[in-house]
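What follows is the content of data_12.cif (mmCIF, C-alpha atoms).
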```cif
data_protein
loop_
_atom_site.label_atom_id
_atom_site.label_comp_id
_atom_site.auth_asym_id
_atom_site.auth_seq_id
_atom_site.Cartn_x
_atom_site.Cartn_y
_atom_site.Cartn_z
CA MET A 1 -42.19 -55.60 -56.89
CA THR A 2 -43.91 -58.65 -58.27
CA HIS A 3 -42.58 -60.50 -61.30
CA THR A 4 -45.28 -59.13 -63.61
CA ASP A 5 -44.19 -55.60 -62.73
CA GLU A 6 -40.59 -56.15 -63.81
CA TRP A 7 -39.47 -53.35 -66.09
CA PRO A 8 -39.35 -54.37 -69.76
CA LEU A 9 -36.05 -55.32 -71.36
CA TRP A 10 -34.41 -53.11 -74.00
CA GLU A 11 -31.49 -53.77 -76.32
CA VAL A 12 -28.90 -51.01 -76.59
CA PHE A 13 -26.96 -50.03 -79.74
CA VAL A 14 -24.12 -47.54 -79.63
CA ARG A 15 -22.49 -45.59 -82.45
CA SER A 16 -18.89 -45.25 -81.35
CA LYS A 17 -18.16 -42.29 -83.60
CA ALA A 18 -19.67 -40.37 -86.47
CA GLY A 19 -19.48 -42.35 -89.68
CA LEU A 20 -19.69 -45.81 -88.06
CA ASP A 21 -22.67 -48.13 -87.58
CA HIS A 22 -24.59 -48.46 -84.38
CA LYS A 23 -23.47 -51.71 -82.79
CA HIS A 24 -25.28 -53.86 -80.24
CA CYS A 25 -23.58 -53.53 -76.88
CA GLY A 26 -25.94 -54.91 -74.26
CA SER A 27 -29.34 -54.66 -72.66
CA LEU A 28 -31.08 -53.07 -69.70
CA HIS A 29 -34.47 -52.74 -68.03
CA ALA A 30 -36.45 -49.49 -68.30
CA THR A 31 -40.08 -48.47 -67.99
CA ASP A 32 -40.18 -46.42 -71.20
CA ALA A 33 -38.05 -45.30 -74.14
CA LYS A 34 -36.91 -42.06 -72.56
CA LEU A 35 -35.66 -43.78 -69.43
CA ALA A 36 -34.04 -46.50 -71.56
CA VAL A 37 -32.01 -43.89 -73.47
CA GLN A 38 -30.97 -42.20 -70.22
CA LEU A 39 -29.91 -45.47 -68.59
CA ALA A 40 -28.10 -46.60 -71.75
CA ARG A 41 -26.11 -43.39 -71.67
CA ASP A 42 -25.24 -43.91 -67.98
CA VAL A 43 -24.36 -47.57 -68.30
CA TYR A 44 -22.76 -47.96 -71.71
CA THR A 45 -21.00 -44.67 -72.45
CA ARG A 46 -19.11 -43.86 -69.25
CA ARG A 47 -15.81 -43.63 -71.13
CA GLN A 48 -16.67 -41.91 -74.39
CA GLU A 49 -17.70 -45.20 -75.98
CA GLY A 50 -20.28 -43.48 -78.11
CA VAL A 51 -21.81 -40.40 -79.68
CA SER A 52 -25.30 -41.81 -80.20
CA VAL A 53 -27.46 -44.58 -78.73
CA TRP A 54 -30.44 -46.53 -80.04
CA VAL A 55 -32.71 -48.53 -77.78
CA VAL A 56 -35.36 -51.00 -78.87
CA ARG A 57 -37.70 -53.18 -76.85
CA SER A 58 -36.22 -56.70 -76.84
CA ASP A 59 -39.63 -58.23 -77.49
CA GLN A 60 -39.84 -56.22 -80.73
CA ILE A 61 -36.81 -57.92 -82.25
CA VAL A 62 -37.48 -60.77 -84.66
CA ALA A 63 -34.56 -63.16 -85.04
CA SER A 64 -33.74 -66.15 -87.18
CA ASP A 65 -33.96 -69.51 -85.45
CA PRO A 66 -30.54 -70.94 -84.48
CA ALA A 67 -31.89 -74.38 -85.45
CA ASP A 68 -32.19 -73.09 -89.05
CA LYS A 69 -28.59 -71.93 -89.15
CA GLY A 70 -27.53 -74.65 -91.55
CA MET A 71 -30.46 -74.18 -93.89
CA ASN A 72 -30.10 -70.40 -93.86
CA PHE A 73 -26.41 -69.85 -94.10
CA ASP A 74 -24.54 -72.96 -95.20
CA PRO A 75 -25.54 -72.76 -98.91
CA MET A 76 -23.24 -69.75 -99.28
CA GLU A 77 -20.25 -71.95 -98.54
CA ASP A 78 -20.03 -73.33 -102.10
CA LYS A 79 -20.68 -70.04 -103.91
CA VAL A 80 -17.09 -68.92 -104.07
CA TYR A 81 -17.77 -67.17 -107.39
CA ARG A 82 -19.47 -64.44 -105.37
CA HIS A 83 -16.05 -63.28 -104.16
CA PRO A 84 -13.67 -61.13 -106.21
CA THR A 85 -10.75 -63.43 -105.35
CA PHE A 86 -12.41 -66.21 -107.40
CA TYR A 87 -11.36 -64.50 -110.61
CA GLU A 88 -7.75 -64.79 -111.70
CA LEU A 89 -6.93 -61.95 -114.04
CA PRO A 90 -3.71 -61.08 -115.89
CA ALA A 91 -1.25 -59.32 -113.61
CA ALA A 92 -1.45 -56.12 -115.64
CA VAL A 93 -5.13 -55.60 -114.74
CA ASP A 94 -5.29 -57.51 -111.43
CA HIS A 95 -5.64 -54.41 -109.30
CA MET A 96 -9.17 -53.88 -110.65
CA MET B 97 -14.65 -56.49 -60.06
CA TYR B 98 -14.71 -59.55 -58.28
CA THR B 99 -15.53 -63.07 -58.86
CA GLN B 100 -14.21 -65.55 -56.45
CA ALA B 101 -13.84 -68.79 -58.26
CA MET B 102 -17.46 -69.49 -58.04
CA ASP B 103 -17.14 -73.21 -58.07
CA THR B 104 -16.14 -72.71 -54.48
CA MET B 105 -19.68 -73.48 -54.06
CA GLY B 106 -18.64 -77.02 -54.77
CA ARG B 107 -20.15 -77.74 -51.43
CA GLU B 108 -23.59 -77.19 -52.86
CA PRO B 109 -25.31 -80.28 -54.18
CA VAL B 110 -24.66 -80.93 -57.85
CA GLU B 111 -27.94 -80.35 -59.62
CA GLY B 112 -29.31 -81.32 -62.95
CA ASN B 113 -27.62 -84.62 -63.65
CA SER B 114 -30.52 -86.95 -63.16
CA GLY B 115 -28.99 -89.47 -65.53
CA ILE B 116 -32.28 -90.00 -67.37
CA ARG B 117 -32.31 -88.47 -70.83
CA SER B 118 -34.40 -88.95 -73.90
CA ALA B 119 -32.76 -90.11 -77.13
CA THR B 120 -33.25 -86.62 -78.60
CA ASP B 121 -31.60 -84.97 -75.61
CA GLN B 122 -28.73 -87.37 -75.87
CA ARG B 123 -28.25 -86.52 -79.55
CA MET B 124 -28.47 -82.79 -78.81
CA GLU B 125 -25.98 -83.16 -76.00
CA GLU B 126 -23.50 -84.95 -78.23
CA ALA B 127 -23.79 -82.17 -80.81
CA PHE B 128 -23.33 -79.62 -78.02
CA GLU B 129 -20.19 -81.35 -76.71
CA GLN B 130 -18.79 -81.36 -80.23
CA ARG B 131 -19.32 -77.63 -80.53
CA ILE B 132 -17.59 -77.10 -77.18
CA ASP B 133 -14.68 -79.32 -78.23
CA ALA B 134 -14.36 -77.36 -81.48
CA GLY B 135 -14.03 -74.14 -79.44
CA ASP B 136 -17.39 -72.83 -80.65
CA PHE B 137 -19.23 -70.16 -78.67
CA ILE B 138 -22.72 -70.91 -77.37
CA GLU B 139 -25.37 -68.21 -77.77
CA ALA B 140 -28.49 -67.62 -75.69
CA LYS B 141 -30.98 -69.27 -78.03
CA ASP B 142 -28.79 -72.32 -78.78
CA TRP B 143 -29.66 -75.67 -77.29
CA MET B 144 -27.67 -76.43 -74.14
CA PRO B 145 -27.77 -79.13 -71.46
CA GLU B 146 -29.79 -78.16 -68.40
CA HIS B 147 -26.76 -78.59 -66.16
CA TYR B 148 -24.69 -76.21 -68.29
CA ARG B 149 -27.48 -73.64 -68.03
CA LYS B 150 -27.81 -74.03 -64.26
CA THR B 151 -24.07 -73.84 -63.70
CA LEU B 152 -23.91 -70.61 -65.69
CA VAL B 153 -26.92 -69.00 -64.01
CA ARG B 154 -25.34 -69.76 -60.65
CA GLN B 155 -21.89 -68.50 -61.58
CA ILE B 156 -22.96 -65.38 -63.49
CA SER B 157 -25.54 -64.34 -60.89
CA GLN B 158 -23.07 -64.84 -58.03
CA HIS B 159 -20.65 -62.75 -60.00
CA ALA B 160 -23.30 -60.05 -60.50
CA HIS B 161 -24.23 -60.08 -56.82
CA SER B 162 -20.54 -59.67 -55.97
CA GLU B 163 -20.32 -56.52 -58.08
CA ILE B 164 -23.37 -55.04 -56.40
CA VAL B 165 -22.49 -55.99 -52.82
CA GLY B 166 -18.91 -54.90 -53.58
CA MET B 167 -20.16 -51.33 -53.85
CA LEU B 168 -20.88 -51.29 -50.11
CA PRO B 169 -17.41 -51.52 -48.49
CA GLU B 170 -16.12 -48.82 -50.85
CA GLY B 171 -19.23 -46.67 -50.68
CA ASN B 172 -18.41 -46.39 -47.00
CA TRP B 173 -15.45 -44.14 -47.92
CA ILE B 174 -16.94 -41.90 -50.62
CA SER B 175 -17.88 -39.22 -48.10
CA ARG B 176 -14.58 -39.68 -46.26
CA ALA B 177 -12.13 -39.62 -49.18
CA PRO B 178 -9.14 -37.41 -48.29
CA THR B 179 -9.25 -35.17 -51.40
CA LEU B 180 -11.73 -34.17 -54.09
CA LYS B 181 -9.62 -36.04 -56.65
CA ARG B 182 -9.77 -39.30 -54.67
CA LYS B 183 -13.48 -38.83 -54.13
CA ALA B 184 -14.16 -38.40 -57.86
CA ILE B 185 -12.05 -41.49 -58.60
CA LEU B 186 -13.84 -43.56 -55.96
CA LEU B 187 -17.26 -42.44 -57.19
CA ALA B 188 -16.33 -43.46 -60.73
CA LYS B 189 -15.11 -46.84 -59.50
CA VAL B 190 -18.22 -47.55 -57.46
CA GLN B 191 -20.37 -46.50 -60.44
CA ASP B 192 -18.39 -48.97 -62.58
CA GLU B 193 -19.19 -51.76 -60.12
CA GLY B 194 -22.90 -51.01 -60.48
CA GLY B 195 -22.49 -51.13 -64.26
CA HIS B 196 -20.61 -54.44 -64.06
CA GLY B 197 -23.42 -55.88 -61.96
CA LEU B 198 -25.87 -54.78 -64.62
CA TYR B 199 -23.91 -56.31 -67.54
CA LEU B 200 -23.75 -59.57 -65.63
CA TYR B 201 -27.40 -59.65 -64.57
CA ALA B 202 -28.29 -59.07 -68.22
CA ALA B 203 -26.05 -62.01 -69.24
CA ALA B 204 -27.68 -64.25 -66.61
CA GLU B 205 -31.14 -63.21 -67.79
CA THR B 206 -30.38 -64.49 -71.31
CA LEU B 207 -30.45 -67.96 -69.74
CA GLY B 208 -34.10 -67.60 -68.84
CA THR B 209 -33.99 -66.39 -65.24
CA SER B 210 -35.64 -63.04 -64.53
CA ARG B 211 -33.92 -60.11 -62.81
CA ASP B 212 -36.45 -60.28 -60.00
CA GLN B 213 -35.70 -63.96 -59.42
CA LEU B 214 -31.98 -63.23 -59.33
CA LEU B 215 -32.39 -60.36 -56.87
CA ASP B 216 -34.76 -62.36 -54.74
CA ALA B 217 -32.14 -65.10 -54.44
CA LEU B 218 -29.63 -62.53 -53.19
CA HIS B 219 -31.98 -60.74 -50.81
CA SER B 220 -33.29 -63.94 -49.27
CA GLY B 221 -29.73 -65.17 -48.66
CA ARG B 222 -30.04 -68.18 -51.01
CA ALA B 223 -27.43 -66.85 -53.45
CA LYS B 224 -23.79 -66.31 -52.61
CA TYR B 225 -21.49 -63.43 -53.43
CA SER B 226 -17.74 -63.16 -53.09
CA SER B 227 -16.81 -63.61 -49.43
CA ILE B 228 -14.20 -60.82 -49.67
CA PHE B 229 -16.95 -58.21 -49.19
CA ASN B 230 -17.77 -59.50 -45.77
CA TYR B 231 -14.60 -57.91 -44.44
CA PRO B 232 -14.79 -54.31 -43.12
CA THR B 233 -13.06 -51.24 -44.59
CA LEU B 234 -11.51 -49.72 -41.48
CA ASN B 235 -9.22 -47.00 -42.80
CA TRP B 236 -8.58 -45.06 -46.01
CA ALA B 237 -5.71 -47.35 -46.99
CA ASP B 238 -8.27 -50.18 -47.19
CA ILE B 239 -9.69 -48.50 -50.29
CA GLY B 240 -6.32 -48.43 -52.02
CA THR B 241 -5.65 -51.99 -50.91
CA ILE B 242 -8.98 -53.23 -52.26
CA GLY B 243 -8.10 -51.71 -55.64
CA TRP B 244 -4.61 -53.18 -55.64
CA LEU B 245 -5.21 -56.66 -54.18
CA VAL B 246 -8.91 -57.41 -54.48
CA ASP B 247 -9.35 -55.96 -57.96
CA GLY B 248 -5.95 -57.39 -58.89
CA ALA B 249 -7.12 -60.86 -57.88
CA ALA B 250 -10.41 -60.28 -59.68
CA ILE B 251 -8.60 -59.38 -62.91
CA MET B 252 -6.54 -62.58 -62.74
CA ASN B 253 -9.79 -64.49 -62.32
CA GLN B 254 -11.75 -62.63 -64.93
CA VAL B 255 -9.41 -62.37 -67.90
CA PRO B 256 -9.75 -66.10 -68.70
CA ILE B 257 -13.57 -65.78 -68.50
CA CYS B 258 -13.40 -63.46 -71.52
CA ARG B 259 -12.96 -66.74 -73.44
CA CYS B 260 -15.86 -68.49 -71.70
CA SER B 261 -17.84 -70.79 -74.01
CA TYR B 262 -21.07 -68.94 -73.17
CA ALA B 263 -20.81 -65.89 -75.41
CA PRO B 264 -23.08 -63.39 -73.58
CA TYR B 265 -21.00 -63.95 -70.42
CA ALA B 266 -17.73 -63.67 -72.37
CA ARG B 267 -18.87 -60.40 -73.98
CA ALA B 268 -19.83 -58.93 -70.60
CA MET B 269 -16.45 -59.96 -69.22
CA ILE B 270 -14.57 -58.28 -72.06
CA ARG B 271 -16.29 -55.00 -71.25
CA ILE B 272 -15.67 -55.46 -67.53
CA CYS B 273 -11.98 -56.32 -67.89
CA ARG B 274 -11.44 -53.24 -70.02
CA GLU B 275 -12.70 -51.10 -67.12
CA GLU B 276 -11.12 -53.12 -64.33
CA SER B 277 -7.55 -52.10 -65.01
CA PHE B 278 -8.36 -48.56 -63.86
CA HIS B 279 -9.60 -49.98 -60.56
CA GLN B 280 -6.37 -51.74 -59.77
CA ARG B 281 -4.13 -48.89 -60.89
CA GLN B 282 -5.99 -46.21 -58.94
CA GLY B 283 -5.69 -48.37 -55.82
CA TYR B 284 -1.97 -48.87 -56.19
CA ASP B 285 -1.55 -45.17 -56.96
CA ALA B 286 -3.41 -44.20 -53.77
CA LEU B 287 -1.18 -46.49 -51.69
CA LEU B 288 1.98 -45.31 -53.41
CA THR B 289 1.06 -41.72 -52.56
CA MET B 290 0.64 -42.64 -48.90
CA MET B 291 3.92 -44.59 -48.86
CA THR B 292 6.06 -41.98 -50.64
CA LYS B 293 4.51 -38.72 -49.44
CA GLY B 294 2.76 -39.78 -46.25
CA THR B 295 3.64 -39.58 -42.59
CA PRO B 296 4.89 -42.64 -40.66
CA ALA B 297 1.34 -43.06 -39.33
CA GLN B 298 -0.04 -43.11 -42.88
CA ARG B 299 2.57 -45.66 -43.98
CA ALA B 300 1.58 -47.78 -41.00
CA MET B 301 -2.04 -47.58 -42.15
CA VAL B 302 -1.06 -49.01 -45.53
CA GLN B 303 0.83 -51.89 -43.91
CA ASP B 304 -2.10 -52.57 -41.59
CA ALA B 305 -4.53 -52.67 -44.51
CA VAL B 306 -2.27 -54.99 -46.52
CA ASN B 307 -1.91 -57.28 -43.48
CA ARG B 308 -5.68 -57.61 -43.20
CA TRP B 309 -6.51 -57.97 -46.92
CA TRP B 310 -3.70 -60.27 -48.08
CA TRP B 311 -5.12 -63.65 -47.00
CA PRO B 312 -8.73 -62.91 -47.92
CA SER B 313 -7.45 -61.84 -51.37
CA VAL B 314 -5.47 -65.07 -51.80
CA MET B 315 -8.64 -66.98 -50.84
CA MET B 316 -10.65 -65.21 -53.55
CA PHE B 317 -9.44 -67.81 -56.05
CA GLY B 318 -11.45 -70.43 -54.23
CA PRO B 319 -10.47 -73.72 -52.60
CA PRO B 320 -7.49 -75.79 -53.82
CA ASP B 321 -8.03 -77.70 -57.04
CA ASP B 322 -8.36 -81.06 -55.32
CA GLN B 323 -11.26 -79.69 -53.27
CA SER B 324 -13.22 -78.05 -56.10
CA PRO B 325 -15.53 -80.80 -57.28
CA ASN B 326 -17.34 -78.64 -59.87
CA SER B 327 -14.13 -77.43 -61.48
CA ALA B 328 -13.54 -80.38 -63.77
CA GLN B 329 -16.96 -80.12 -65.41
CA SER B 330 -16.66 -76.35 -65.75
CA MET B 331 -13.24 -76.72 -67.34
CA ARG B 332 -14.53 -79.32 -69.78
CA TRP B 333 -17.39 -77.05 -70.80
CA GLY B 334 -15.12 -74.07 -71.24
CA ILE B 335 -16.90 -72.09 -68.52
CA LYS B 336 -13.69 -72.06 -66.55
CA ARG B 337 -10.37 -71.92 -68.36
CA VAL B 338 -7.66 -71.89 -65.68
CA SER B 339 -7.67 -73.71 -62.32
CA ASN B 340 -7.99 -71.99 -58.93
CA ASP B 341 -4.46 -72.87 -57.83
CA ALA B 342 -2.88 -71.80 -61.12
CA LEU B 343 -4.59 -68.40 -60.93
CA ARG B 344 -3.67 -68.00 -57.27
CA GLN B 345 -0.02 -68.68 -58.02
CA LYS B 346 -0.03 -66.18 -60.85
CA PHE B 347 -1.53 -63.55 -58.56
CA ILE B 348 1.01 -64.16 -55.80
CA ASP B 349 3.96 -64.05 -58.20
CA ALA B 350 2.81 -60.72 -59.64
CA THR B 351 1.93 -59.17 -56.28
CA VAL B 352 5.19 -59.93 -54.45
CA GLU B 353 7.08 -57.70 -56.87
CA GLN B 354 4.49 -54.94 -56.60
CA ALA B 355 4.72 -55.06 -52.80
CA LYS B 356 8.47 -54.50 -53.00
CA VAL B 357 8.04 -51.39 -55.14
CA LEU B 358 5.38 -50.13 -52.76
CA GLY B 359 7.59 -50.78 -49.74
CA VAL B 360 5.25 -53.04 -47.77
CA THR B 361 5.62 -56.59 -46.57
CA LEU B 362 3.10 -59.37 -47.13
CA PRO B 363 1.98 -61.16 -43.95
CA ASP B 364 3.25 -64.62 -44.90
CA PRO B 365 6.57 -65.68 -43.30
CA ASP B 366 6.73 -68.69 -45.63
CA LEU B 367 6.63 -66.63 -48.80
CA ARG B 368 9.85 -67.31 -50.69
CA TRP B 369 11.13 -67.69 -54.22
CA ASN B 370 11.37 -71.26 -55.45
CA GLU B 371 14.11 -71.47 -58.06
CA THR B 372 12.98 -74.88 -59.37
CA ARG B 373 9.37 -73.86 -59.87
CA GLN B 374 10.26 -70.29 -60.89
CA SER B 375 7.42 -69.18 -58.59
CA TYR B 376 6.86 -68.10 -55.01
CA ASP B 377 6.04 -70.73 -52.39
CA HIS B 378 3.47 -69.55 -49.88
CA GLY B 379 2.32 -70.57 -46.42
CA ALA B 380 -0.76 -72.65 -45.60
CA ILE B 381 -4.10 -70.95 -46.20
CA ASP B 382 -6.62 -71.03 -43.37
CA TRP B 383 -9.59 -72.51 -45.24
CA SER B 384 -11.66 -72.75 -42.09
CA GLU B 385 -11.82 -68.94 -42.08
CA PHE B 386 -12.88 -68.97 -45.75
CA TRP B 387 -15.69 -71.45 -45.17
CA ALA B 388 -16.85 -69.61 -42.07
CA VAL B 389 -17.18 -66.37 -44.06
CA VAL B 390 -18.86 -68.13 -47.01
CA GLY B 391 -21.19 -69.75 -44.50
CA GLY B 392 -22.33 -66.39 -43.13
CA ASP B 393 -20.03 -65.79 -40.18
CA GLY B 394 -17.74 -63.10 -41.55
CA ALA B 395 -17.42 -59.72 -39.83
CA CYS B 396 -19.97 -58.01 -42.10
CA ASN B 397 -22.20 -60.69 -43.70
CA ARG B 398 -25.36 -59.55 -41.94
CA GLU B 399 -24.62 -55.85 -42.38
CA ARG B 400 -23.99 -56.22 -46.12
CA LEU B 401 -27.14 -58.17 -46.82
CA ALA B 402 -29.24 -55.87 -44.65
CA ALA B 403 -27.89 -52.83 -46.51
CA ARG B 404 -28.75 -54.45 -49.88
CA VAL B 405 -32.26 -55.36 -48.81
CA GLN B 406 -32.86 -51.90 -47.38
CA ALA B 407 -31.63 -50.19 -50.57
CA TRP B 408 -33.98 -52.38 -52.60
CA GLU B 409 -36.95 -51.67 -50.34
CA ASP B 410 -36.20 -47.95 -50.16
CA GLY B 411 -36.23 -47.86 -53.96
CA GLN B 412 -39.61 -49.55 -54.22
CA TRP B 413 -41.57 -46.32 -54.57
CA VAL B 414 -39.24 -45.08 -57.31
CA ARG B 415 -39.72 -48.26 -59.32
CA GLU B 416 -43.48 -48.10 -58.83
CA ALA B 417 -43.62 -44.41 -59.78
CA ALA B 418 -41.66 -45.05 -62.98
CA VAL B 419 -44.04 -47.86 -63.95
CA ALA B 420 -47.08 -45.68 -63.19
CA HIS B 421 -45.62 -42.84 -65.26
CA ALA B 422 -45.02 -45.13 -68.24
CA ARG B 423 -48.56 -46.57 -68.00
CA LYS B 424 -50.10 -43.09 -67.86
CA HIS B 425 -48.26 -42.12 -71.04
CA ASP B 426 -49.26 -45.36 -72.76
CA LEU B 427 -52.89 -44.57 -71.99
CA LYS B 428 -52.54 -41.02 -73.31
CA GLU B 429 -51.03 -42.26 -76.54
CA ALA B 430 -53.78 -44.87 -76.92
CA ALA B 431 -56.51 -42.27 -76.38
#
```
Here is a file; write its structure as structure tokens.
Amino acid sequence: MTHTDEWPLWEVFVRSKAGLDHKHCGSLHATDAKLAVQLARDVYTRRQEGVSVWVVRSDQIVASDPADKGMNFDPMEDKVYRHPTFYELPAAVDHM
Amino acid sequence: MYTQAMDTMGREPVEGNSGIRSATDQRMEEAFEQRIDAGDFIEAKDWMPEHYRKTLVRQISQHAHSEIVGMLPEGNWISRAPTLKRKAILLAKVQDEGGHGLYLYAAAETLGTSRDQLLDALHSGRAKYSSIFNYPTLNWADIGTIGWLVDGAAIMNQVPICRCSYAPYARAMIRICREESFHQRQGYDALLTMMTKGTPAQRAMVQDAVNRWWWPSVMMFGPPDDQSPNSAQSMRWGIKRVSNDALRQKFIDATVEQAKVLGVTLPDPDLRWNETRQSYDHGAIDWSEFWAVVGGDGACNRERLAARVQAWEDGQWVREAAVAHARKHDLKEAA
């Protein structure tokens, strides 16, 4: 098989049990969505790791640039007032 | 399953350190080193030095190849397993190895090398895999012994890699280690059954298998620390966390006790408890055998590689058919 014929890459997300989020758990190569779901089931749920899988073509994922990490996420560092622990309330009502 | 300390390949030329770097690269590299020193994890899209990338591609792909080639010696016994229970267990184990290979190939691919390039390196003989798989599986006790000793050694090697600085590799290793414990325990269980319920001939088979697999297992940790030139760099970069000799000692100390419970001896007359070191001393390791097997002259090197290449070629039509099927459906949807 030549390089250009390599099966496309898919990202696999597994829901470990009802009520929880699907979580990224790995990737695999498959020719189409149906095969990707089948292979994800074979590879990532051999020990009851999940009750549902999502697959998505890796080239369809848009991600933030790691180089922009500071610009994107650091400003939140000095916004402590966004957290409930910032507010000191009288003991009588502190469980709110 | 099985990584042999992959910096064994210290005999390969050290690539990537040309010594000439631009000012930007130098600044990036300093920032990278700081992240490593701070215990930060590196992700696929993060900047990394070329040498770090190459070292990882080599180590992770060799590890992946080992999982895949490692299916062969055990696959040999699937149709010969003594009971249905043992056959189901062995099938599950061999399927795990295929899965481990896949997790690891996927981790290596995040570094920008394609699956086809990785497989081509294996099939053309350019890439290495753990030399342990170039030994034959001669009797049923070999399967139990592989689980106990070979997977046991692999676990010792692999647990520290769960903390590898390259996060996709570390994540793959966490999943692998979780599954690996079953491999070792089923092996020991199979041997224990033969030793406690078997005939004298079956007990002799276990001892014979242990005699043959002991030294190759001890060698899986790679050459002594003073002969592993790549180790220091890998340790500094957090790719490797514990040295070959330290891991080997840990494996020996754990295994001696397990051998006693099993009722077998280990084929090393110099193996004895050292009160000062609180560890077992062991006899000299025959590294010439190790290098001969790594170099291609083990009992099964040619057979293993030929079996891999044939499996790949025999699967060609399946891969092509799957691609053709997907294209046909794409066209239908477009129409």
Point to revise | Residues matched by the PyMOL selection byres ((chain A and resi 30) around 8), written as a VMD selection string | key: chain A and resid 7 to 10 28 to 29 31 to 33 35 to 36 39
Review point. Quick one: which residues end up in the PyMOL selection byres ((chain A and resi 11) around 8) for this structure, as a PyMOL selection string?
Key: chain A and resi 9-10+12-13+24-28+55-58
Check your understanding: What's the 10 Å shell around Met315 (chain B), counting only C-alpha atoms, without same-chain residues fewer than 4 positions away, as number ranges by chain?
Key -> B: 100-101, 227-228, 249, 310-311, 319-320, 340, 344, 381-383, 385-386
Practice item. Provide as a list in words the residues of chain B at most 8 Å from chain A, counting all atoms listed in the file. Key: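 Using all atoms listed in the file, chain B residues at most 8 Å from chain A: Lys141, Asp142, Gly195, Leu198, Tyr199, Ala202, Arg211, Asp212, Gln213, Gln412, Glu416, Ala418, Val419 and Ala422 of chain B.
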Review point. When distances are computed from only C-alpha atoms, which of A:Val80, A:Met96, A:Ala18, A:Ala91 shows the smallest separation from Val53 (chain A)?
Key: A:Ala18
Exercise for review: Please measure the separation of CA of Asp74 (chain A) and CA of Ala263 (chain B), giving the value in Å to one decimal.
Suggested key: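 So the answer is 21.3 Å.
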Check your understanding: Using all atoms listed in the file, what residues lie at most 9 Å away from (-6.5, -49.8, -43.8) (file coordinates), given as a list in words?
Key -> Thr233, Leu234, Asn235, Trp236, Ala237, Asp238, Ile239, Gly240, Thr241, Ala300, Met301, Val302, Gln303, Asp304, Ala305, Val306, Asn307, Arg308 and Trp309 of chain B
Exercise for review: Work out how far CA of Trp54 (chain A) is from CA of Leu427 (chain B), in Å to one decimal.
Suggested key: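 These atoms are spaced 23.9 Å apart.
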